[in-house]
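As provided, input16.cif (mmCIF, C-alpha atoms and all ligand atoms) reads as follows.
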```
data_model
#
loop_
_atom_site.group_PDB
_atom_site.id
_atom_site.type_symbol
_atom_site.label_atom_id
_atom_site.label_comp_id
_atom_site.auth_asym_id
_atom_site.auth_seq_id
_atom_site.Cartn_x
_atom_site.Cartn_y
_atom_site.Cartn_z
ATOM 1 C CA MET M 1 7.882 30.332 22.710
ATOM 2 C CA ALA M 2 9.559 32.319 19.912
ATOM 3 C CA ASP M 3 7.685 30.179 17.409
ATOM 4 C CA LYS M 4 4.390 30.934 19.175
ATOM 5 C CA ASN M 5 5.106 34.687 19.118
ATOM 6 C CA GLU M 6 6.011 34.545 15.444
ATOM 7 C CA LYS M 7 2.761 32.693 14.649
ATOM 8 C CA HIS M 8 0.763 35.275 16.597
ATOM 9 C CA LYS M 9 2.465 38.101 14.713
ATOM 10 C CA THR M 10 1.662 36.548 11.311
ATOM 11 C CA ALA M 11 -1.951 35.925 12.284
ATOM 12 C CA MET M 12 -2.373 39.510 13.541
ATOM 13 C CA ALA M 13 -0.800 40.952 10.377
ATOM 14 C CA LYS M 14 -3.277 38.928 8.320
ATOM 15 C CA GLN M 15 -6.138 40.156 10.492
ATOM 16 C CA LYS M 16 -4.970 43.769 10.172
ATOM 17 C CA ALA M 17 -4.855 43.503 6.377
ATOM 18 C CA LYS M 18 -8.437 42.203 6.399
ATOM 19 C CA VAL M 19 -9.675 44.990 8.707
ATOM 20 C CA ASP M 20 -7.812 47.673 6.740
ATOM 21 C CA LYS M 21 -9.349 46.386 3.520
ATOM 22 C CA SER M 22 -12.906 46.552 4.859
ATOM 23 C CA ILE M 23 -12.281 50.033 6.330
ATOM 24 C CA ALA M 24 -11.025 51.213 2.932
ATOM 25 C CA ALA M 25 -14.131 49.719 1.279
ATOM 26 C CA ALA M 26 -16.503 51.792 3.449
ATOM 27 C CA THR M 27 -16.491 55.109 1.611
ATOM 28 C CA THR M 28 -20.078 56.376 1.926
ATOM 29 C CA GLU M 29 -20.694 59.229 4.359
ATOM 30 C CA ARG M 30 -24.306 59.547 5.495
ATOM 31 C CA GLY M 31 -26.549 59.247 8.506
ATOM 32 C CA ILE M 32 -27.962 55.783 9.162
ATOM 33 C CA VAL M 33 -31.062 54.128 10.546
ATOM 34 C CA LEU M 34 -30.568 51.627 13.361
ATOM 35 C CA LEU M 35 -33.163 49.206 14.668
ATOM 36 C CA LEU M 36 -32.497 47.723 18.095
ATOM 37 C CA THR M 37 -35.010 44.984 18.654
ATOM 38 C CA GLY M 38 -35.494 41.569 20.272
ATOM 39 C CA ASP M 39 -36.726 40.301 23.631
ATOM 40 C CA GLY M 40 -33.514 40.817 25.617
ATOM 41 C CA LYS M 41 -32.341 43.739 27.749
ATOM 42 C CA GLY M 42 -30.157 46.407 26.162
ATOM 43 C CA LYS M 43 -32.147 48.205 23.457
ATOM 44 C CA SER M 44 -32.914 51.567 25.047
ATOM 45 C CA SER M 45 -29.680 51.622 27.019
ATOM 46 C CA SER M 46 -27.757 51.160 23.762
ATOM 47 C CA ALA M 47 -29.698 54.041 22.214
ATOM 48 C CA PHE M 48 -28.714 56.245 25.161
ATOM 49 C CA GLY M 49 -25.120 55.139 24.675
ATOM 50 C CA MET M 50 -25.281 56.734 21.223
ATOM 51 C CA VAL M 51 -26.894 59.832 22.711
ATOM 52 C CA MET M 52 -23.867 60.097 25.002
ATOM 53 C CA ARG M 53 -21.439 59.583 22.113
ATOM 54 C CA SER M 54 -23.130 62.256 20.023
ATOM 55 C CA LEU M 55 -23.151 64.720 22.918
ATOM 56 C CA GLY M 56 -19.457 64.035 23.328
ATOM 57 C CA TYR M 57 -18.910 65.594 19.905
ATOM 58 C CA GLY M 58 -21.239 68.482 20.675
ATOM 59 C CA TYR M 59 -23.912 67.283 18.241
ATOM 60 C CA LYS M 60 -27.578 68.114 18.613
ATOM 61 C CA VAL M 61 -29.706 65.220 19.817
ATOM 62 C CA GLY M 62 -33.443 64.583 20.100
ATOM 63 C CA VAL M 63 -35.084 61.785 22.084
ATOM 64 C CA ILE M 64 -38.733 60.886 21.711
ATOM 65 C CA GLN M 65 -40.007 58.253 24.136
ATOM 66 C CA PHE M 66 -43.224 56.606 23.055
ATOM 67 C CA ILE M 67 -43.772 54.610 26.230
ATOM 68 C CA LYS M 68 -43.114 55.972 29.631
ATOM 69 C CA GLY M 69 -43.810 54.334 32.936
ATOM 70 C CA GLU M 70 -44.620 56.308 36.059
ATOM 71 C CA GLN M 71 -41.083 56.085 37.351
ATOM 72 C CA MET M 72 -38.355 58.558 36.360
ATOM 73 C CA SER M 73 -35.486 56.823 34.625
ATOM 74 C CA GLY M 74 -31.778 57.497 35.069
ATOM 75 C CA GLU M 75 -31.515 58.735 31.490
ATOM 76 C CA GLU M 76 -34.338 61.196 32.088
ATOM 77 C CA LEU M 77 -32.644 62.524 35.229
ATOM 78 C CA PHE M 78 -29.305 62.759 33.435
ATOM 79 C CA ILE M 79 -30.698 64.638 30.441
ATOM 80 C CA ARG M 80 -32.913 66.971 32.468
ATOM 81 C CA ASN M 81 -30.192 67.794 35.005
ATOM 82 C CA HIS M 82 -27.069 67.800 32.852
ATOM 83 C CA HIS M 83 -28.114 68.141 29.214
ATOM 84 C CA PRO M 84 -31.162 70.388 29.050
ATOM 85 C CA GLU M 85 -30.142 71.221 25.465
ATOM 86 C CA VAL M 86 -31.316 67.759 24.386
ATOM 87 C CA TYR M 87 -34.790 67.829 22.838
ATOM 88 C CA PHE M 88 -36.538 65.369 25.113
ATOM 89 C CA TYR M 89 -40.186 64.510 24.729
ATOM 90 C CA GLN M 90 -42.110 61.721 26.405
ATOM 91 C CA MET M 91 -45.527 60.463 25.457
ATOM 92 C CA GLY M 92 -46.196 60.317 29.181
ATOM 93 C CA THR M 93 -49.193 58.013 29.204
ATOM 94 C CA GLY M 94 -47.426 55.009 30.679
ATOM 95 C CA PHE M 95 -47.774 51.455 29.497
ATOM 96 C CA THR M 96 -50.860 50.527 27.513
ATOM 97 C CA TRP M 97 -51.634 47.708 29.938
ATOM 98 C CA ASN M 98 -51.813 50.357 32.677
ATOM 99 C CA THR M 99 -53.813 53.036 30.876
ATOM 100 C CA GLN M 100 -56.191 50.557 29.177
ATOM 101 C CA ASP M 101 -57.580 53.452 27.167
ATOM 102 C CA ARG M 102 -57.019 52.902 23.468
ATOM 103 C CA GLU M 103 -58.397 56.199 22.235
ATOM 104 C CA ALA M 104 -56.407 58.336 24.651
ATOM 105 C CA ASP M 105 -53.256 56.358 23.862
ATOM 106 C CA MET M 106 -53.825 56.796 20.153
ATOM 107 C CA ALA M 107 -54.197 60.548 20.498
ATOM 108 C CA ALA M 108 -51.076 60.685 22.681
ATOM 109 C CA ALA M 109 -49.117 58.639 20.131
ATOM 110 C CA GLN M 110 -50.139 61.046 17.371
ATOM 111 C CA ARG M 111 -49.131 64.060 19.442
ATOM 112 C CA THR M 112 -45.812 62.442 20.243
ATOM 113 C CA TRP M 113 -45.225 61.552 16.607
ATOM 114 C CA GLU M 114 -45.595 65.210 15.633
ATOM 115 C CA HIS M 115 -42.556 65.975 17.800
ATOM 116 C CA ALA M 116 -40.637 63.193 16.067
ATOM 117 C CA GLU M 117 -41.667 64.468 12.641
ATOM 118 C CA LYS M 118 -40.387 67.929 13.505
ATOM 119 C CA LEU M 119 -36.955 66.569 14.426
ATOM 120 C CA LEU M 120 -36.819 64.313 11.360
ATOM 121 C CA ALA M 121 -37.235 67.428 9.194
ATOM 122 C CA ASP M 122 -34.565 69.441 11.007
ATOM 123 C CA GLU M 123 -31.064 69.074 9.644
ATOM 124 C CA THR M 124 -29.480 70.564 12.755
ATOM 125 C CA TYR M 125 -30.179 67.249 14.553
ATOM 126 C CA HIS M 126 -27.380 64.712 14.243
ATOM 127 C CA LEU M 127 -29.244 61.965 16.093
ATOM 128 C CA VAL M 128 -32.926 61.259 16.710
ATOM 129 C CA VAL M 129 -33.934 58.429 19.040
ATOM 130 C CA LEU M 130 -37.428 57.001 18.644
ATOM 131 C CA ASP M 131 -37.568 54.915 21.804
ATOM 132 C CA GLU M 132 -40.220 52.138 21.860
ATOM 133 C CA ILE M 133 -41.884 53.427 18.676
ATOM 134 C CA THR M 134 -42.247 49.867 17.332
ATOM 135 C CA TYR M 135 -45.117 49.237 19.767
ATOM 136 C CA MET M 136 -47.016 52.246 18.419
ATOM 137 C CA ILE M 137 -46.685 50.811 14.918
ATOM 138 C CA GLY M 138 -47.574 47.314 16.134
ATOM 139 C CA TYR M 139 -50.781 48.550 17.822
ATOM 140 C CA LYS M 140 -51.527 50.643 14.710
ATOM 141 C CA TYR M 141 -51.538 53.815 16.812
ATOM 142 C CA LEU M 142 -49.162 55.182 14.191
ATOM 143 C CA ASP M 143 -49.218 54.607 10.481
ATOM 144 C CA ALA M 144 -46.088 52.679 9.469
ATOM 145 C CA GLU M 145 -46.072 54.311 6.023
ATOM 146 C CA ARG M 146 -45.998 57.772 7.526
ATOM 147 C CA VAL M 147 -43.165 56.847 9.894
ATOM 148 C CA ILE M 148 -41.143 55.284 7.086
ATOM 149 C CA LYS M 149 -41.688 58.250 4.779
ATOM 150 C CA ALA M 150 -40.507 60.753 7.403
ATOM 151 C CA ILE M 151 -37.414 58.663 8.138
ATOM 152 C CA ASN M 152 -36.608 58.197 4.448
ATOM 153 C CA GLU M 153 -36.921 61.907 3.766
ATOM 154 C CA ARG M 154 -34.825 62.990 6.738
ATOM 155 C CA PRO M 155 -31.662 65.113 6.271
ATOM 156 C CA ALA M 156 -28.782 63.105 4.794
ATOM 157 C CA GLU M 157 -26.448 63.536 7.763
ATOM 158 C CA GLN M 158 -29.028 62.601 10.385
ATOM 159 C CA SER M 159 -29.086 59.184 12.075
ATOM 160 C CA VAL M 160 -32.162 57.609 13.629
ATOM 161 C CA VAL M 161 -32.266 54.941 16.320
ATOM 162 C CA ILE M 162 -35.479 52.951 16.647
ATOM 163 C CA THR M 163 -35.960 50.706 19.652
ATOM 164 C CA GLY M 164 -38.556 48.137 20.646
ATOM 165 C CA ARG M 165 -39.676 44.610 19.919
ATOM 166 C CA GLY M 166 -41.333 43.849 16.603
ATOM 167 C CA GLY M 167 -41.976 46.820 14.345
ATOM 168 C CA GLY M 168 -42.578 44.839 11.181
ATOM 169 C CA SER M 169 -40.540 43.962 8.149
ATOM 170 C CA ALA M 170 -40.768 47.415 6.552
ATOM 171 C CA ILE M 171 -38.779 48.935 9.416
ATOM 172 C CA ARG M 172 -36.225 46.134 9.174
ATOM 173 C CA GLU M 173 -35.841 46.788 5.491
ATOM 174 C CA LEU M 174 -35.489 50.503 5.992
ATOM 175 C CA ALA M 175 -32.798 50.156 8.667
ATOM 176 C CA ASP M 176 -29.100 50.091 7.741
ATOM 177 C CA THR M 177 -28.173 48.364 10.992
ATOM 178 C CA VAL M 178 -30.428 45.873 12.747
ATOM 179 C CA SER M 179 -29.459 44.309 16.065
ATOM 180 C CA GLU M 180 -31.601 41.747 17.787
ATOM 181 C CA VAL M 181 -30.923 41.487 21.502
ATOM 182 C CA HIS M 182 -31.768 37.985 22.598
ATOM 183 C CA ASP M 183 -32.952 37.183 26.111
ATOM 184 C CA VAL M 184 -30.711 34.430 27.435
ATOM 185 C CA LYS M 185 -31.405 35.229 31.103
ATOM 186 C CA HIS M 186 -32.876 38.171 32.971
ATOM 187 C CA ALA M 187 -32.443 38.830 36.688
ATOM 188 C CA PHE M 188 -36.091 39.922 36.993
ATOM 189 C CA LYS M 189 -37.200 36.392 36.172
ATOM 190 C CA ALA M 190 -35.236 35.167 39.194
ATOM 191 C CA GLY M 191 -37.232 37.584 41.354
ATOM 192 C CA ILE M 192 -34.630 40.359 41.498
ATOM 193 C CA LYS M 193 -36.125 43.837 41.518
ATOM 194 C CA ALA M 194 -35.353 46.325 38.732
ATOM 195 C CA ARG M 195 -32.320 48.358 39.795
ATOM 196 C CA LYS M 196 -31.676 52.071 39.482
ATOM 197 C CA GLY M 197 -28.831 52.758 37.086
ATOM 198 C CA ILE M 198 -29.188 49.319 35.530
ATOM 199 C CA ASP M 199 -32.812 48.859 34.540
ATOM 200 C CA LEU M 200 -34.161 52.363 35.023
HETATM 201 P P1 LIG M 301 -32.942 48.681 28.682
HETATM 202 O O1 LIG M 301 -33.713 49.988 28.786
HETATM 203 O O2 LIG M 301 -32.528 48.204 30.027
HETATM 204 O O3 LIG M 301 -31.873 48.716 27.661
HETATM 205 P P2 LIG M 301 -34.673 47.415 26.778
HETATM 206 O O4 LIG M 301 -34.937 48.745 26.186
HETATM 207 O O5 LIG M 301 -33.910 46.442 25.980
HETATM 208 O O6 LIG M 301 -34.005 47.577 28.200
HETATM 209 P P3 LIG M 301 -37.512 47.171 27.278
HETATM 210 O O7 LIG M 301 -38.383 46.116 26.697
HETATM 211 O O8 LIG M 301 -37.672 48.556 26.774
HETATM 212 O O9 LIG M 301 -36.013 46.660 27.130
HETATM 213 O O10 LIG M 301 -37.730 47.111 28.829
HETATM 214 C C1 LIG M 301 -37.169 48.002 29.716
HETATM 215 C C2 LIG M 301 -37.134 47.410 31.108
HETATM 216 O O11 LIG M 301 -37.511 46.042 31.118
HETATM 217 C C3 LIG M 301 -35.752 47.422 31.734
HETATM 218 O O12 LIG M 301 -35.944 47.623 33.108
HETATM 219 C C4 LIG M 301 -35.196 46.050 31.467
HETATM 220 O O13 LIG M 301 -34.250 45.596 32.404
HETATM 221 C C5 LIG M 301 -36.461 45.207 31.520
HETATM 222 N N1 LIG M 301 -36.324 44.067 30.609
HETATM 223 C C6 LIG M 301 -35.816 44.079 29.367
HETATM 224 N N2 LIG M 301 -35.809 42.844 28.831
HETATM 225 C C7 LIG M 301 -36.326 42.024 29.776
HETATM 226 C C8 LIG M 301 -36.571 40.617 29.858
HETATM 227 N N3 LIG M 301 -36.270 39.817 28.837
HETATM 228 N N4 LIG M 301 -37.141 40.129 30.988
HETATM 229 C C9 LIG M 301 -37.435 40.935 32.006
HETATM 230 N N5 LIG M 301 -37.238 42.269 32.005
HETATM 231 C C10 LIG M 301 -36.676 42.816 30.908
HETATM 232 MG MG MG M 302 -36.526 49.970 25.920
#
```
Would you give me this structure, written as C-alpha cells?
Amino acid sequence: MADKNEKHKTAMAKQKAKVDKSIAAATTERGIVLLLTGDGKGKSSSAFGMVMRSLGYGYKVGVIQFIKGEQMSGEELFIRNHHPEVYFYQMGTGFTWNTQDREADMAAAQRTWEHAEKLLADETYHLVVLDEITYMIGYKYLDAERVIKAINERPAEQSVVITGRGGGSAIRELADTVSEVHDVKHAFKAGIKARKGIDL
C-alpha cells in the first residue's frame, strides 16, 4: 500500500512538472479563433458555454446565428430574458431545406453577415459567436475571403467561435483551435424526440 502511494506521488510530481512546463511556455496573450465542427452533437452548445464563461467575467458578447429554425431555443430564451445586453442577431429564415428559396436566403445571409462584420470591427467585444456560419460559406451565400479577412483584421483581444460542419480548409487554417465533434451515437436516431434544455 505504502509503495503504491509512493509510486502515485512520483508519477503525479512528474505530471505536474510537465504541465507546469507547458503552462510556462504559453506566453502569448491574444484573442483566438475557434472552429467547432464535425457531425456530432455539441458544437453550438459548446459555443454557448463560452458565452456563459465570458459573461461571468462581465465581458461583452455578440452572437450571430446564421441558421434558425422556427422553434425558440433555450439559449435564445436565456439571453433574451436574462442577458439582454448580449448582442443577439438571428438570420431568422429557418433551414434552407425549409425555405427552399435560394435568393431570399442569400440576401438574408448578407444582411446577417453585416451584423457580424460590425462586431468583428468593435474592440469592446470580447467574444463573437458565428453560429452555423460554415453552411453559409459552403452554399456560397457568403464569400469565404470576406469572412476570413474580417476575422483576421479583428481587434487583437477579441475571440471568435465558428460553429458548423464543413467550412473549408481556409477556415481550418485560420483557426487557432479546431475541435471536431464526432457522432458516435445520437438519441434522435433511436427515435427519441429532441429535448428542451438538451437539444434546443
Ligand atoms: P448542439 O446545439 O446540441 O450543440 P450542434 O450545434 O453540434 O448541436 P447542429 O448540427 O447545429 O449540432 O444541430 C443542432 C440540433 O441537431 C440539436 O438538436 C442536436 O441535438 C441535433 N444533432 C446534432 N448532431 C446530431 C446527429 N449526429 N444526429 C442527430 N441529431 C443531431
Ligand atoms: Mg449547432
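The spacing separating atom CA of M:Tyr125 from atom CA of M:Glu157 amounts to 8.6 Å.
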Edge lengths and centre in Å to one decimal, as lines of an AutoDock Vina configuration file, of the axis-aligned box that encloses all listed atoms of ligand LIG 301 (chain M) with 4 Å added on every side?
```
center_x = -35.1
center_y = 44.9
center_z = 29.5
size_x = 14.5
size_y = 18.2
size_z = 15.1
```
(message) Once the PyMOL selection byres (((chain M and resi 107-109) around 9) and not hetatm) is applied to the coordinates I shared, what remains selected? I want it as number ranges by chain.
(response) M: 66, 91-93, 102-106, 110-114, 136, 141-142
(request) To verify the selection step, state as a PyMOL selection string which residues the PyMOL selection byres (((not hetatm)) within 6 of (chain M and resi 302)) yields on this input. (result) chain M and resi 43-44+132+164
(request) Name the residues in contact with M:Tyr135 at a cut-off of 8 Å, using only C-alpha atoms, excluding same-chain residues fewer than 6 positions from it; report them as a list in words. (result) Gly164, Arg165, Gly166 and Gly167 of chain M
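With atom CA of M:Gly62 on one side and atom CA of M:Leu120 on the other, the separation reads 9.4 Å.
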Long-range neighbours of M:Ala116 as a PDB file with C-alpha atoms, keeping the file's coordinate frame, 12 Å cut-off, only C-alpha atoms, 3 positions minimum in chain:
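The new file result-v7.pdb reads:
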```
ATOM      1  CA  VAL M  61     -29.706  65.220  19.817  1.00  0.00           C
ATOM      2  CA  GLY M  62     -33.443  64.583  20.100  1.00  0.00           C
ATOM      3  CA  VAL M  63     -35.084  61.785  22.084  1.00  0.00           C
ATOM      4  CA  ILE M  64     -38.733  60.886  21.711  1.00  0.00           C
ATOM      5  CA  GLN M  65     -40.007  58.253  24.136  1.00  0.00           C
ATOM      6  CA  PHE M  66     -43.224  56.606  23.055  1.00  0.00           C
ATOM      7  CA  TYR M  87     -34.790  67.829  22.838  1.00  0.00           C
ATOM      8  CA  PHE M  88     -36.538  65.369  25.113  1.00  0.00           C
ATOM      9  CA  TYR M  89     -40.186  64.510  24.729  1.00  0.00           C
ATOM     10  CA  GLN M  90     -42.110  61.721  26.405  1.00  0.00           C
ATOM     11  CA  MET M  91     -45.527  60.463  25.457  1.00  0.00           C
ATOM     12  CA  ALA M 109     -49.117  58.639  20.131  1.00  0.00           C
ATOM     13  CA  GLN M 110     -50.139  61.046  17.371  1.00  0.00           C
ATOM     14  CA  ARG M 111     -49.131  64.060  19.442  1.00  0.00           C
ATOM     15  CA  THR M 112     -45.812  62.442  20.243  1.00  0.00           C
ATOM     16  CA  TRP M 113     -45.225  61.552  16.607  1.00  0.00           C
ATOM     17  CA  LEU M 119     -36.955  66.569  14.426  1.00  0.00           C
ATOM     18  CA  LEU M 120     -36.819  64.313  11.360  1.00  0.00           C
ATOM     19  CA  ALA M 121     -37.235  67.428   9.194  1.00  0.00           C
ATOM     20  CA  ASP M 122     -34.565  69.441  11.007  1.00  0.00           C
ATOM     21  CA  TYR M 125     -30.179  67.249  14.553  1.00  0.00           C
ATOM     22  CA  LEU M 127     -29.244  61.965  16.093  1.00  0.00           C
ATOM     23  CA  VAL M 128     -32.926  61.259  16.710  1.00  0.00           C
ATOM     24  CA  VAL M 129     -33.934  58.429  19.040  1.00  0.00           C
ATOM     25  CA  LEU M 130     -37.428  57.001  18.644  1.00  0.00           C
ATOM     26  CA  ASP M 131     -37.568  54.915  21.804  1.00  0.00           C
ATOM     27  CA  ILE M 133     -41.884  53.427  18.676  1.00  0.00           C
ATOM     28  CA  LEU M 142     -49.162  55.182  14.191  1.00  0.00           C
ATOM     29  CA  ARG M 146     -45.998  57.772   7.526  1.00  0.00           C
ATOM     30  CA  VAL M 147     -43.165  56.847   9.894  1.00  0.00           C
ATOM     31  CA  ILE M 148     -41.143  55.284   7.086  1.00  0.00           C
ATOM     32  CA  ALA M 150     -40.507  60.753   7.403  1.00  0.00           C
ATOM     33  CA  ILE M 151     -37.414  58.663   8.138  1.00  0.00           C
ATOM     34  CA  ARG M 154     -34.825  62.990   6.738  1.00  0.00           C
ATOM     35  CA  VAL M 160     -32.162  57.609  13.629  1.00  0.00           C
ATOM     36  CA  VAL M 161     -32.266  54.941  16.320  1.00  0.00           C
ATOM     37  CA  ILE M 162     -35.479  52.951  16.647  1.00  0.00           C
TER      38      ILE M 162
END
```
(message) One decimal, in Å: what's the spacing between atom CA of M:Ala156 and atom CA of M:Arg30?
(response) 5.8 Å
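Using only C-alpha atoms and all ligand atoms, the nearest neighbour of ligand LIG 301 (chain M) within the list M:Gly31, M:Gly58, M:Gly42, M:Pro155 is M:Gly42.
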(request) Enumerate as a PyMOL selection string the residues within 6 Å of ligand LIG 301 (chain M), counting all atoms listed in the file. (result) chain M and resi 39-45+183+186+188+194+199-200
Writing out the chosen residues with C-alpha atoms as an mmCIF file, keeping the file's coordinate frame:
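And here's out18.cif as it stands now:
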```
data_model
loop_
_atom_site.group_PDB
_atom_site.id
_atom_site.type_symbol
_atom_site.label_atom_id
_atom_site.label_comp_id
_atom_site.auth_asym_id
_atom_site.auth_seq_id
_atom_site.Cartn_x
_atom_site.Cartn_y
_atom_site.Cartn_z
ATOM 1 C CA ASP M 39 -36.726 40.301 23.631
ATOM 2 C CA GLY M 40 -33.514 40.817 25.617
ATOM 3 C CA LYS M 41 -32.341 43.739 27.749
ATOM 4 C CA GLY M 42 -30.157 46.407 26.162
ATOM 5 C CA LYS M 43 -32.147 48.205 23.457
ATOM 6 C CA SER M 44 -32.914 51.567 25.047
ATOM 7 C CA SER M 45 -29.680 51.622 27.019
ATOM 8 C CA ASP M 183 -32.952 37.183 26.111
ATOM 9 C CA HIS M 186 -32.876 38.171 32.971
ATOM 10 C CA PHE M 188 -36.091 39.922 36.993
ATOM 11 C CA ALA M 194 -35.353 46.325 38.732
ATOM 12 C CA ASP M 199 -32.812 48.859 34.540
ATOM 13 C CA LEU M 200 -34.161 52.363 35.023
#
```
(message) Neighbouring residues of M:Ile79 were defined as those with any atom within 12 Å, considering only C-alpha atoms; residues of the same chain fewer than 2 positions away were excluded. Please report them as a PyMOL selection string.
(response) chain M and resi 48+51-52+55+61-63+72-77+81-89
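Proximity to M:Ile171 was assessed for M:Ala13, M:Ala24, M:Ile32, M:Ala144 counting only C-alpha atoms; the smallest distance is recorded for M:Ala144.
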If we count only C-alpha atoms and set the cut-off at 7 Å, which residues sit around M:Gly38, ignoring sequence neighbours fewer than 6 positions away in its own chain? Please answer as a tab-separated table (two decimals) with C-alpha atoms, in the coordinates of the input.
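The new file around01.tsv reads:
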```tsv
chain	number	residue	atom	x	y	z
M	165	ARG	CA	-39.68	44.61	19.92
M	180	GLU	CA	-31.60	41.75	17.79
M	181	VAL	CA	-30.92	41.49	21.50
M	182	HIS	CA	-31.77	37.98	22.60
```
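Among the candidate residues M:Lys60, M:Phe78, M:Ile23, M:Lys149, the one lying nearest to M:Gly197 is M:Phe78, with distances computed using all atoms listed in the file.
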Could you add the missing atoms to stretch 34-51 of chain M, up to N, CA, C and O atoms, and return them as a compact mmCIF listing (two decimals), keeping the file's coordinate frame?
```
# COMPACT_ATOMS: atom_id res chain seq x y z
N LEU M 34 -30.87 52.83 12.57
CA LEU M 34 -30.57 51.63 13.36
C LEU M 34 -31.84 51.12 14.01
O LEU M 34 -32.61 51.91 14.57
N LEU M 35 -32.03 49.84 13.96
CA LEU M 35 -33.16 49.21 14.67
C LEU M 35 -32.58 48.28 15.73
O LEU M 35 -31.81 47.37 15.43
N LEU M 36 -32.94 48.57 16.98
CA LEU M 36 -32.50 47.72 18.10
C LEU M 36 -33.73 47.01 18.61
O LEU M 36 -34.63 47.64 19.17
N THR M 37 -33.79 45.72 18.36
CA THR M 37 -35.01 44.98 18.65
C THR M 37 -34.70 43.68 19.40
O THR M 37 -33.57 43.46 19.83
N GLY M 38 -35.69 42.84 19.58
CA GLY M 38 -35.49 41.57 20.27
C GLY M 38 -36.04 41.60 21.69
O GLY M 38 -36.40 42.66 22.20
N ASP M 39 -36.09 40.42 22.31
CA ASP M 39 -36.73 40.30 23.63
C ASP M 39 -35.76 40.43 24.80
O ASP M 39 -36.14 40.25 25.96
N GLY M 40 -34.50 40.70 24.54
CA GLY M 40 -33.51 40.82 25.62
C GLY M 40 -33.33 42.24 26.10
O GLY M 40 -33.82 43.19 25.47
N LYS M 41 -32.62 42.41 27.20
CA LYS M 41 -32.34 43.74 27.75
C LYS M 41 -31.18 44.40 27.02
O LYS M 41 -30.18 43.75 26.75
N GLY M 42 -31.29 45.69 26.74
CA GLY M 42 -30.16 46.41 26.16
C GLY M 42 -30.49 47.29 24.97
O GLY M 42 -29.59 47.85 24.36
N LYS M 43 -31.76 47.41 24.63
CA LYS M 43 -32.15 48.20 23.46
C LYS M 43 -32.09 49.71 23.76
O LYS M 43 -31.33 50.45 23.14
N SER M 44 -32.89 50.13 24.73
CA SER M 44 -32.91 51.57 25.05
C SER M 44 -31.57 52.03 25.61
O SER M 44 -31.11 53.13 25.29
N SER M 45 -30.96 51.19 26.44
CA SER M 45 -29.68 51.62 27.02
C SER M 45 -28.61 51.77 25.94
O SER M 45 -27.76 52.65 26.03
N SER M 46 -28.68 50.98 24.88
CA SER M 46 -27.76 51.16 23.76
C SER M 46 -28.04 52.48 23.05
O SER M 46 -27.11 53.21 22.68
N ALA M 47 -29.33 52.78 22.87
CA ALA M 47 -29.70 54.04 22.21
C ALA M 47 -29.13 55.22 23.01
O ALA M 47 -28.57 56.16 22.44
N PHE M 48 -29.23 55.15 24.34
CA PHE M 48 -28.71 56.24 25.16
C PHE M 48 -27.18 56.27 25.16
O PHE M 48 -26.59 57.32 25.38
N GLY M 49 -26.58 55.15 24.87
CA GLY M 49 -25.12 55.14 24.68
C GLY M 49 -24.74 56.00 23.48
O GLY M 49 -23.76 56.74 23.51
N MET M 50 -25.55 55.92 22.42
CA MET M 50 -25.28 56.73 21.22
C MET M 50 -25.61 58.20 21.45
O MET M 50 -24.99 59.08 20.87
N VAL M 51 -26.59 58.44 22.32
CA VAL M 51 -26.89 59.83 22.71
C VAL M 51 -25.64 60.42 23.37
O VAL M 51 -25.19 61.51 23.04
```
